[in-house]
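Student: My structure is in work.cif, and what it holds is mmCIF, C-alpha atoms:
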data_start
#
loop_
_atom_site.label_atom_id
_atom_site.label_comp_id
_atom_site.auth_asym_id
_atom_site.auth_seq_id
_atom_site.Cartn_x
_atom_site.Cartn_y
_atom_site.Cartn_z
CA MET I 82 200.35 45.49 81.49
CA ILE I 83 199.99 42.21 79.58
CA HIS I 84 196.70 41.63 77.77
CA ARG I 85 194.81 38.35 78.06
CA LYS I 86 195.84 37.13 74.61
CA GLN I 87 199.50 37.91 75.42
CA TYR I 88 199.03 36.06 78.71
CA ASN I 89 197.82 32.92 76.93
CA THR I 90 200.72 33.13 74.49
CA LEU I 91 203.14 33.73 77.36
CA LYS I 92 201.94 30.56 79.09
CA ILE I 93 202.55 28.58 75.91
CA GLY I 94 205.99 30.14 75.64
CA ILE I 95 206.88 29.21 79.21
CA ILE I 96 205.90 25.64 78.47
CA LEU I 97 208.25 25.71 75.48
CA ILE I 98 211.10 26.92 77.65
CA LEU I 99 210.86 23.72 79.70
CA LEU I 100 210.69 21.20 76.86
CA LEU I 101 214.16 19.74 76.69
CA LEU I 102 213.12 16.08 77.04
CA PHE I 103 209.89 14.22 77.95
CA GLY I 104 208.07 11.33 79.73
CA ILE I 105 205.49 10.52 82.47
CA HIS I 106 205.40 11.35 86.21
CA THR I 107 203.90 9.53 89.21
CA ALA I 108 203.43 11.69 92.33
CA LEU I 109 205.57 10.51 95.27
CA SER I 110 206.85 12.01 98.54
CA GLN I 111 209.45 14.76 98.15
CA VAL I 112 212.73 15.23 100.02
CA PRO I 113 214.96 18.33 99.65
CA MET I 114 218.18 17.75 97.68
CA THR I 115 221.61 18.48 99.06
CA THR I 116 223.72 21.07 97.23
CA SER I 117 225.87 18.33 95.68
CA GLU I 118 222.78 16.45 94.48
CA ALA I 119 221.35 19.60 92.89
CA ASP I 120 224.69 20.33 91.19
CA ALA I 121 224.84 16.76 89.86
CA LEU I 122 221.34 17.08 88.40
CA LYS I 123 222.19 20.35 86.67
CA GLU I 124 225.33 18.88 85.11
CA LYS I 125 223.42 15.78 83.98
CA VAL I 126 220.73 17.85 82.26
CA LYS I 127 223.31 20.09 80.58
CA ALA I 128 225.25 17.10 79.26
CA LEU I 129 222.09 15.53 77.86
CA SER I 130 221.06 18.83 76.28
CA ARG I 131 224.39 19.17 74.47
CA THR I 132 223.78 15.90 72.62
CA THR I 133 220.14 16.62 71.73
CA LYS I 134 219.69 18.04 68.22
CA THR I 135 215.99 17.27 67.61
CA ILE I 136 213.01 16.25 69.75
CA SER I 137 209.57 14.98 68.80
CA SER I 138 206.93 14.06 71.37
CA ASP I 139 203.20 13.64 71.81
CA PHE I 140 201.64 15.34 74.81
CA VAL I 141 198.46 15.49 76.85
CA GLN I 142 197.57 18.72 78.63
CA TYR I 143 195.29 18.86 81.65
CA LYS I 144 193.91 22.26 82.59
CA HIS I 145 192.59 22.36 86.16
CA LEU I 146 190.08 25.09 87.01
CA ASP I 147 188.68 25.17 90.53
CA PHE I 148 185.10 25.83 89.40
CA LEU I 149 185.02 22.79 87.05
CA SER I 150 184.45 19.24 88.29
CA ASN I 151 186.69 17.75 85.59
CA ASP I 152 189.99 18.93 84.12
CA ILE I 153 190.01 20.14 80.50
CA GLU I 154 192.04 17.70 78.39
CA SER I 155 193.89 18.61 75.17
CA LYS I 156 196.28 16.60 73.02
CA GLY I 157 199.03 17.55 70.62
CA LYS I 158 202.61 17.25 69.44
CA LEU I 159 205.86 19.10 70.16
CA VAL I 160 208.76 19.30 67.68
CA PHE I 161 212.14 20.94 68.38
CA LYS I 162 215.21 21.45 66.18
CA THR I 163 218.43 23.20 67.14
CA PRO I 164 219.28 25.96 67.45
CA ASP I 165 215.93 27.73 67.91
CA LYS I 166 213.06 26.10 66.01
CA ILE I 167 210.07 24.93 68.09
CA ARG I 168 206.60 23.83 66.97
CA TRP I 169 203.88 23.40 69.60
CA GLU I 170 200.70 21.99 68.03
CA TYR I 171 197.34 21.16 69.58
CA VAL I 172 195.34 18.64 67.56
CA SER I 173 192.41 17.85 69.88
CA PRO I 174 189.82 19.12 70.75
CA PHE I 175 190.85 22.17 68.67
CA ALA I 176 193.56 23.07 66.14
CA TYR I 177 196.12 25.59 67.36
CA VAL I 178 199.80 25.92 66.39
CA VAL I 179 202.57 28.05 67.87
CA ILE I 180 205.97 28.23 66.14
CA PHE I 181 209.12 29.90 67.50
CA LYS I 182 211.90 30.63 65.00
CA ASP I 183 214.24 33.51 64.12
CA GLU I 184 213.07 35.49 67.20
CA THR I 185 209.52 35.50 65.83
CA LEU I 186 206.42 33.87 67.28
CA TYR I 187 203.97 32.55 64.67
CA ILE I 188 200.40 31.57 65.60
CA ASN I 189 197.89 29.59 63.55
CA ASP I 190 194.54 29.54 65.35
CA ASN I 191 192.48 27.12 63.26
CA GLY I 192 193.48 28.90 60.05
CA ASN I 193 193.71 32.43 61.47
CA LYS I 194 197.41 33.31 61.22
CA SER I 195 199.38 36.00 63.01
CA SER I 196 202.96 36.69 64.10
CA MET I 197 204.86 38.68 66.71
CA ASP I 198 208.44 39.99 66.74
CA MET I 199 209.71 38.91 70.15
CA GLY I 200 212.66 41.28 69.91
CA SER I 201 210.35 44.32 69.94
CA ASN I 202 208.56 43.29 73.15
CA ALA I 203 210.46 43.23 76.46
CA ILE I 204 208.52 40.26 77.85
CA PHE I 205 208.87 38.17 74.71
CA LYS I 206 212.51 39.17 74.28
CA GLN I 207 213.14 37.84 77.77
CA LEU I 208 211.15 34.74 76.90
CA ASN I 209 213.27 34.15 73.81
CA GLN I 210 216.43 34.42 75.93
CA LEU I 211 215.03 31.85 78.35
CA ILE I 212 214.23 29.46 75.50
CA THR I 213 217.83 29.75 74.30
CA ALA I 214 219.08 29.15 77.85
CA SER I 215 216.97 26.00 78.16
CA ILE I 216 218.27 24.62 74.86
CA LYS I 217 221.85 25.19 76.00
CA GLY I 218 221.14 23.59 79.37
CA ASN I 219 221.56 26.87 81.28
CA LEU I 220 218.00 27.30 82.53
CA PHE I 221 219.03 26.61 86.12
CA GLU I 222 221.24 29.70 86.10
CA ALA I 223 218.54 32.02 84.73
CA SER I 224 218.17 34.99 87.11
CA GLU I 225 214.48 35.26 86.20
CA PHE I 226 213.68 32.27 88.42
CA LYS I 227 214.40 31.00 91.93
CA ALA I 228 214.86 27.23 91.90
CA THR I 229 214.12 24.68 94.65
CA TYR I 230 215.42 21.11 94.23
CA LEU I 231 213.59 18.02 95.55
CA LYS I 232 214.05 14.23 95.32
CA ILE I 233 211.28 11.72 94.50
CA LYS I 234 212.98 8.32 94.82
CA GLU I 235 214.89 7.85 91.54
CA LYS I 236 213.42 11.05 90.08
CA SER I 237 214.06 14.74 90.73
CA GLU I 238 211.68 17.69 90.89
CA VAL I 239 212.65 21.33 90.46
CA HIS I 240 210.29 24.17 91.35
CA PHE I 241 210.90 27.48 89.57
CA GLU I 242 209.40 30.68 91.00
CA PRO I 243 209.54 33.79 88.76
CA THR I 244 211.40 36.77 90.17
CA ASP I 245 210.00 39.13 87.50
CA PRO I 246 206.90 40.95 88.87
CA GLN I 247 205.09 40.73 85.52
CA PHE I 248 205.65 36.97 85.32
CA ARG I 249 204.37 36.58 88.88
CA GLU I 250 201.08 38.20 87.90
CA PHE I 251 200.29 35.15 85.78
CA ILE I 252 202.52 32.28 86.90
CA LYS I 253 203.05 31.51 90.59
CA SER I 254 205.49 28.68 89.88
CA PHE I 255 206.20 25.84 87.53
CA GLN I 256 207.54 22.39 88.32
CA ILE I 257 209.72 20.07 86.24
CA ILE I 258 210.09 16.34 86.87
CA PHE I 259 213.39 14.72 85.77
CA ASN I 260 214.13 10.99 85.68
CA ASP I 261 217.47 9.47 86.65
CA THR I 262 218.96 10.10 83.20
CA GLY I 263 218.16 13.83 83.28
CA GLU I 264 215.09 13.69 81.01
CA VAL I 265 212.19 16.00 81.79
CA GLN I 266 209.10 13.88 82.30
CA GLU I 267 206.37 16.34 83.25
CA VAL I 268 205.69 20.07 83.51
CA LYS I 269 203.15 21.66 85.84
CA MET I 270 202.39 25.39 85.86
CA ILE I 271 200.57 26.89 88.82
CA GLU I 272 198.78 30.23 88.59
CA PRO I 273 198.27 32.70 91.48
CA SER I 274 194.68 31.43 91.76
CA GLU I 275 196.07 27.88 92.32
CA ASP I 276 194.53 26.74 89.02
CA TYR I 277 197.18 24.83 87.09
CA THR I 278 198.17 23.34 83.75
CA GLN I 279 199.77 19.90 83.72
CA ILE I 280 201.62 18.59 80.65
CA VAL I 281 202.47 14.88 80.28
CA PHE I 282 204.65 13.70 77.38
CA ASP I 283 204.81 10.34 75.60
CA ASN I 284 206.29 8.68 72.50
CA ARG I 285 209.40 10.85 72.67
CA THR I 286 212.12 10.47 70.05
CA THR I 287 215.40 12.37 69.75
CA ASN I 288 218.00 13.14 67.10
CA GLN I 289 215.91 11.99 64.16
CA THR I 290 215.96 14.00 60.91
CA ILE I 291 213.34 16.78 60.93
CA SER I 292 212.78 18.99 57.87
CA ASP I 293 212.80 22.78 58.28
CA ALA I 294 209.45 22.74 56.46
CA VAL I 295 207.87 21.45 59.68
CA PHE I 296 208.37 24.94 61.11
CA ASP I 297 206.66 26.80 58.27
CA GLN I 298 203.50 28.61 59.39
#
Can I see the file as structure tokens?
Tutor:
Amino acid sequence: MIHRKQYNTLKIGIILILLLLFGIHTALSQVPMTTSEADALKEKVKALSRTTKTISSDFVQYKHLDFLSNDIESKGKLVFKTPDKIRWEYVSPFAYVVIFKDETLYINDNGNKSSMDMGSNAIFKQLNQLITASIKGNLFEASEFKATYLKIKEKSEVHFEPTDPQFREFIKSFQIIFNDTGEVQEVKMIEPSEDYTQIVFDNRTTNQTISDAVFDQ
């Protein structure tokens, strides 16, 4: 059984799994991909991933709750450095930082710091493996998810449904939008209640020098 705090951290972690590259998405009609089109997308994303050493991007997060008339908006910044360093930082309306490195999850909740050894927890160990798979461009082959491939004009959308029963308790599915160059433009996570979290990225830069000090807690 996953506790609520682990659930919130797990959601953040799943977001991190998806963050290979970033941009903006406009909703359009969807058409199923052919097998050859899906294979071409996977190869394109893998090739782009192999050349990506660092990523820095601003983001806006929209949290949709059915009982609220307006979505909850948060802003922040994502920084990634190969092979396994990731910093996910909220800056507005609250300060909250999550850092993944050396198989450890570090959390700074407005000055209150904590850490978790992902290798000692089955769920987080699996999560760490998925992060590694995404960095290497192998997320599509992960057995933990069933993927459905759709076309949206020049863009592509992939829906991932967890096959792990524990994951399905908290995440019904998540969706990734890719542009025609294989960059991920948007992430949307849908919960069993149909509430969802939508992440939109902007001001993305890649392969610029990033100090390891950025990933200190």
Student: Find the spatial neighbours of stretch 128-139 of chain I, counting all atoms listed in the file, within a cut-off of 6 Å - ignore same-chain residues fewer than 6 positions away - and output them as number ranges by chain.
Tutor: I: 157-163, 218, 282-288
Student: Compare I:Asp245, I:Asp261, I:Glu170, I:Asp183 by their minimum atom-to-atom distance to I:Ile233, counting all atoms listed in the file, and give me the closest one.
Tutor: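 Distance minimum relative to I:Ile233 lands on I:Asp261.
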Student: Taking all atoms listed in the file into account, which of I:Ser274, I:Asn193, I:Thr262, I:Gln289 comes nearest I:Lys127?
Tutor: I:Thr262
Student: Selection in question (the file shown): the PyMOL selection byres ((chain I and resi 224) around 10). Which residues does it include, as number ranges by chain?
Tutor: I: 211, 220-223, 225-228, 243-245
Student: With distances taken over all atoms listed in the file, which residue among I:Glu264, I:Asp165, I:Asp276, I:Asp198 lies nearest I:Phe296?
Tutor: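 Selected residue with least distance to I:Phe296: I:Asp165.
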Student: For atom CA of I:Val265 and atom CA of I:His145, determine how far apart the two atoms are, in Å to one decimal place.
Tutor: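 One can read the atom CA of I:Val265 to atom CA of I:His145 distance as 21.1 Å.
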Student: Please expand the PyMOL selection byres ((chain I and resi 197) around 8) into the concrete residues it hits in this file, giving the result as an NGL selection string.
Tutor: :I and (185-187 or 195-196 or 198-199)
Student: Tell me which of I:Phe251, I:Phe175, I:Phe140, I:Phe259 sits closest to I:Lys232, counting all atoms listed in the file.
Tutor: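 Residue with the minimum atom-to-atom distance to I:Lys232: I:Phe259.
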Student: Counting all atoms listed in the file, figure out which residue out of I:Glu235, I:Asp297, I:Val268, I:Ile188 gets nearest to I:Leu122.
Tutor: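 The shortest atom-to-atom distance to I:Leu122 comes from I:Glu235.
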Student: Tell me, in Å to one decimal, how far atom CA of I:Ile167 is from atom CA of I:Ile180.
Tutor: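 Separation between atom CA of I:Ile167 and atom CA of I:Ile180: 5.6 Å.
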Student: Please report the interatomic distance between atom CA of I:Trp169 and atom CA of I:Ile271 in Å with one decimal.
Tutor: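 Between these atoms lies a distance of 19.8 Å.
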Student: I need the residue set behind the PyMOL selection byres ((chain I and resi 238) around 8) for this file; please write it as a list in words.
Tutor: Tyr230, Leu231, Lys232, Ile233, Lys236, Ser237, Val239, His240, Gln256, Ile257, Ile258 and Phe259 of chain I
Student: For a quick check of understanding, using only C-alpha atoms, which of I:Thr278, I:Thr290, I:Thr116, I:Ser201 has the smallest distance to I:Gln142?
Tutor: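 Using only C-alpha atoms, I:Gln142 sits closest to I:Thr278.
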Student: What lies within 9 Å of I:Tyr277 using all atoms listed in the file, ignoring chain neighbours under 6 positions off, as a PDB file with C-alpha atoms, in the coordinates of the input?
Tutor:
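As a result, part.pdb now contains:
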ATOM      1  CA  TYR I 143     195.290  18.860  81.650  1.00  0.00           C
ATOM      2  CA  LYS I 144     193.910  22.260  82.590  1.00  0.00           C
ATOM      3  CA  HIS I 145     192.590  22.360  86.160  1.00  0.00           C
ATOM      4  CA  LEU I 146     190.080  25.090  87.010  1.00  0.00           C
ATOM      5  CA  LYS I 269     203.150  21.660  85.840  1.00  0.00           C
ATOM      6  CA  MET I 270     202.390  25.390  85.860  1.00  0.00           C
ATOM      7  CA  ILE I 271     200.570  26.890  88.820  1.00  0.00           C
TER       8      ILE I 271
END
Student: Given the block above, output stretch 253-281 of chain I with N, CA, C and O atoms as a PDB file, in the first residue's frame.
Tutor:
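Just written: part.pdb:
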ATOM      1  N   LYS I 253      -4.248   6.432 -14.104  1.00  0.00           N
ATOM      2  CA  LYS I 253      -5.012   5.687 -15.108  1.00  0.00           C
ATOM      3  C   LYS I 253      -4.232   5.606 -16.413  1.00  0.00           C
ATOM      4  O   LYS I 253      -4.143   4.542 -17.037  1.00  0.00           O
ATOM      5  N   SER I 254      -3.671   6.732 -16.829  1.00  0.00           N
ATOM      6  CA  SER I 254      -2.853   6.773 -18.038  1.00  0.00           C
ATOM      7  C   SER I 254      -2.109   8.096 -18.084  1.00  0.00           C
ATOM      8  O   SER I 254      -2.452   9.041 -17.371  1.00  0.00           O
ATOM      9  N   PHE I 255      -1.070   8.138 -18.898  1.00  0.00           N
ATOM     10  CA  PHE I 255      -0.449   9.420 -19.188  1.00  0.00           C
ATOM     11  C   PHE I 255      -0.211   9.513 -20.685  1.00  0.00           C
ATOM     12  O   PHE I 255      -0.094   8.510 -21.389  1.00  0.00           O
ATOM     13  N   GLN I 256      -0.192  10.762 -21.173  1.00  0.00           N
ATOM     14  CA  GLN I 256      -0.118  11.006 -22.604  1.00  0.00           C
ATOM     15  C   GLN I 256       1.072  11.913 -22.902  1.00  0.00           C
ATOM     16  O   GLN I 256       1.316  12.882 -22.197  1.00  0.00           O
ATOM     17  N   ILE I 257       1.804  11.579 -23.983  1.00  0.00           N
ATOM     18  CA  ILE I 257       2.946  12.370 -24.395  1.00  0.00           C
ATOM     19  C   ILE I 257       2.700  12.875 -25.813  1.00  0.00           C
ATOM     20  O   ILE I 257       2.316  12.101 -26.686  1.00  0.00           O
ATOM     21  N   ILE I 258       2.927  14.166 -26.029  1.00  0.00           N
ATOM     22  CA  ILE I 258       2.821  14.755 -27.350  1.00  0.00           C
ATOM     23  C   ILE I 258       4.220  14.982 -27.912  1.00  0.00           C
ATOM     24  O   ILE I 258       5.051  15.633 -27.291  1.00  0.00           O
ATOM     25  N   PHE I 259       4.495  14.421 -29.109  1.00  0.00           N
ATOM     26  CA  PHE I 259       5.763  14.612 -29.806  1.00  0.00           C
ATOM     27  C   PHE I 259       5.543  15.471 -31.051  1.00  0.00           C
ATOM     28  O   PHE I 259       4.531  15.302 -31.743  1.00  0.00           O
ATOM     29  N   ASN I 260       6.509  16.355 -31.367  1.00  0.00           N
ATOM     30  CA  ASN I 260       6.430  17.063 -32.637  1.00  0.00           C
ATOM     31  C   ASN I 260       7.112  16.256 -33.728  1.00  0.00           C
ATOM     32  O   ASN I 260       7.545  15.126 -33.513  1.00  0.00           O
ATOM     33  N   ASP I 261       7.242  16.827 -34.921  1.00  0.00           N
ATOM     34  CA  ASP I 261       7.754  16.054 -36.046  1.00  0.00           C
ATOM     35  C   ASP I 261       9.247  15.758 -35.964  1.00  0.00           C
ATOM     36  O   ASP I 261       9.767  14.971 -36.764  1.00  0.00           O
ATOM     37  N   THR I 262       9.951  16.374 -35.012  1.00  0.00           N
ATOM     38  CA  THR I 262      11.373  16.074 -34.839  1.00  0.00           C
ATOM     39  C   THR I 262      11.613  15.075 -33.712  1.00  0.00           C
ATOM     40  O   THR I 262      12.749  14.721 -33.422  1.00  0.00           O
ATOM     41  N   GLY I 263      10.550  14.629 -33.056  1.00  0.00           N
ATOM     42  CA  GLY I 263      10.674  13.657 -31.975  1.00  0.00           C
ATOM     43  C   GLY I 263      10.774  14.276 -30.599  1.00  0.00           C
ATOM     44  O   GLY I 263      11.031  13.572 -29.619  1.00  0.00           O
ATOM     45  N   GLU I 264      10.568  15.594 -30.486  1.00  0.00           N
ATOM     46  CA  GLU I 264      10.613  16.268 -29.186  1.00  0.00           C
ATOM     47  C   GLU I 264       9.286  16.122 -28.461  1.00  0.00           C
ATOM     48  O   GLU I 264       8.217  16.270 -29.049  1.00  0.00           O
ATOM     49  N   VAL I 265       9.344  15.833 -27.170  1.00  0.00           N
ATOM     50  CA  VAL I 265       8.131  15.784 -26.356  1.00  0.00           C
ATOM     51  C   VAL I 265       7.681  17.210 -26.065  1.00  0.00           C
ATOM     52  O   VAL I 265       8.447  18.034 -25.604  1.00  0.00           O
ATOM     53  N   GLN I 266       6.428  17.501 -26.329  1.00  0.00           N
ATOM     54  CA  GLN I 266       5.928  18.856 -26.183  1.00  0.00           C
ATOM     55  C   GLN I 266       5.030  19.047 -24.968  1.00  0.00           C
ATOM     56  O   GLN I 266       4.933  20.137 -24.444  1.00  0.00           O
ATOM     57  N   GLU I 267       4.351  17.984 -24.564  1.00  0.00           N
ATOM     58  CA  GLU I 267       3.419  18.109 -23.446  1.00  0.00           C
ATOM     59  C   GLU I 267       3.216  16.758 -22.793  1.00  0.00           C
ATOM     60  O   GLU I 267       3.281  15.718 -23.452  1.00  0.00           O
ATOM     61  N   VAL I 268       2.964  16.774 -21.491  1.00  0.00           N
ATOM     62  CA  VAL I 268       2.660  15.567 -20.732  1.00  0.00           C
ATOM     63  C   VAL I 268       1.338  15.780 -19.998  1.00  0.00           C
ATOM     64  O   VAL I 268       1.121  16.837 -19.403  1.00  0.00           O
ATOM     65  N   LYS I 269       0.475  14.790 -20.056  1.00  0.00           N
ATOM     66  CA  LYS I 269      -0.799  14.854 -19.333  1.00  0.00           C
ATOM     67  C   LYS I 269      -0.992  13.543 -18.589  1.00  0.00           C
ATOM     68  O   LYS I 269      -0.944  12.465 -19.191  1.00  0.00           O
ATOM     69  N   MET I 270      -1.201  13.622 -17.273  1.00  0.00           N
ATOM     70  CA  MET I 270      -1.427  12.445 -16.450  1.00  0.00           C
ATOM     71  C   MET I 270      -2.865  12.414 -15.962  1.00  0.00           C
ATOM     72  O   MET I 270      -3.350  13.395 -15.400  1.00  0.00           O
ATOM     73  N   ILE I 271      -3.527  11.301 -16.192  1.00  0.00           N
ATOM     74  CA  ILE I 271      -4.937  11.170 -15.832  1.00  0.00           C
ATOM     75  C   ILE I 271      -5.071  10.167 -14.693  1.00  0.00           C
ATOM     76  O   ILE I 271      -4.527   9.060 -14.758  1.00  0.00           O
ATOM     77  N   GLU I 272      -5.787  10.549 -13.659  1.00  0.00           N
ATOM     78  CA  GLU I 272      -5.984   9.697 -12.489  1.00  0.00           C
ATOM     79  C   GLU I 272      -7.264   8.879 -12.660  1.00  0.00           C
ATOM     80  O   GLU I 272      -8.111   9.190 -13.510  1.00  0.00           O
ATOM     81  N   PRO I 273      -7.451   7.825 -11.871  1.00  0.00           N
ATOM     82  CA  PRO I 273      -8.675   7.019 -11.970  1.00  0.00           C
ATOM     83  C   PRO I 273      -9.949   7.835 -11.800  1.00  0.00           C
ATOM     84  O   PRO I 273     -10.995   7.488 -12.345  1.00  0.00           O
ATOM     85  N   SER I 274      -9.876   8.941 -11.051  1.00  0.00           N
ATOM     86  CA  SER I 274     -11.040   9.805 -10.838  1.00  0.00           C
ATOM     87  C   SER I 274     -11.336  10.694 -12.034  1.00  0.00           C
ATOM     88  O   SER I 274     -12.332  11.423 -12.044  1.00  0.00           O
ATOM     89  N   GLU I 275     -10.462  10.670 -13.055  1.00  0.00           N
ATOM     90  CA  GLU I 275     -10.498  11.525 -14.241  1.00  0.00           C
ATOM     91  C   GLU I 275      -9.968  12.934 -13.972  1.00  0.00           C
ATOM     92  O   GLU I 275      -9.954  13.772 -14.871  1.00  0.00           O
ATOM     93  N   ASP I 276      -9.564  13.240 -12.725  1.00  0.00           N
ATOM     94  CA  ASP I 276      -8.771  14.452 -12.509  1.00  0.00           C
ATOM     95  C   ASP I 276      -7.446  14.257 -13.248  1.00  0.00           C
ATOM     96  O   ASP I 276      -7.026  13.125 -13.488  1.00  0.00           O
ATOM     97  N   TYR I 277      -6.796  15.353 -13.613  1.00  0.00           N
ATOM     98  CA  TYR I 277      -5.557  15.199 -14.374  1.00  0.00           C
ATOM     99  C   TYR I 277      -4.580  16.331 -14.086  1.00  0.00           C
ATOM    100  O   TYR I 277      -4.948  17.388 -13.572  1.00  0.00           O
ATOM    101  N   THR I 278      -3.310  16.069 -14.406  1.00  0.00           N
ATOM    102  CA  THR I 278      -2.244  17.051 -14.318  1.00  0.00           C
ATOM    103  C   THR I 278      -1.661  17.231 -15.713  1.00  0.00           C
ATOM    104  O   THR I 278      -1.274  16.257 -16.354  1.00  0.00           O
ATOM    105  N   GLN I 279      -1.619  18.474 -16.165  1.00  0.00           N
ATOM    106  CA  GLN I 279      -1.111  18.792 -17.489  1.00  0.00           C
ATOM    107  C   GLN I 279       0.151  19.641 -17.347  1.00  0.00           C
ATOM    108  O   GLN I 279       0.161  20.641 -16.633  1.00  0.00           O
ATOM    109  N   ILE I 280       1.231  19.233 -18.018  1.00  0.00           N
ATOM    110  CA  ILE I 280       2.501  19.941 -17.950  1.00  0.00           C
ATOM    111  C   ILE I 280       2.847  20.477 -19.337  1.00  0.00           C
ATOM    112  O   ILE I 280       2.905  19.715 -20.311  1.00  0.00           O
ATOM    113  N   VAL I 281       3.083  21.788 -19.436  1.00  0.00           N
ATOM    114  CA  VAL I 281       3.448  22.429 -20.697  1.00  0.00           C
ATOM    115  C   VAL I 281       4.824  23.064 -20.521  1.00  0.00           C
ATOM    116  O   VAL I 281       5.058  23.777 -19.542  1.00  0.00           O
TER     117      VAL I 281
END
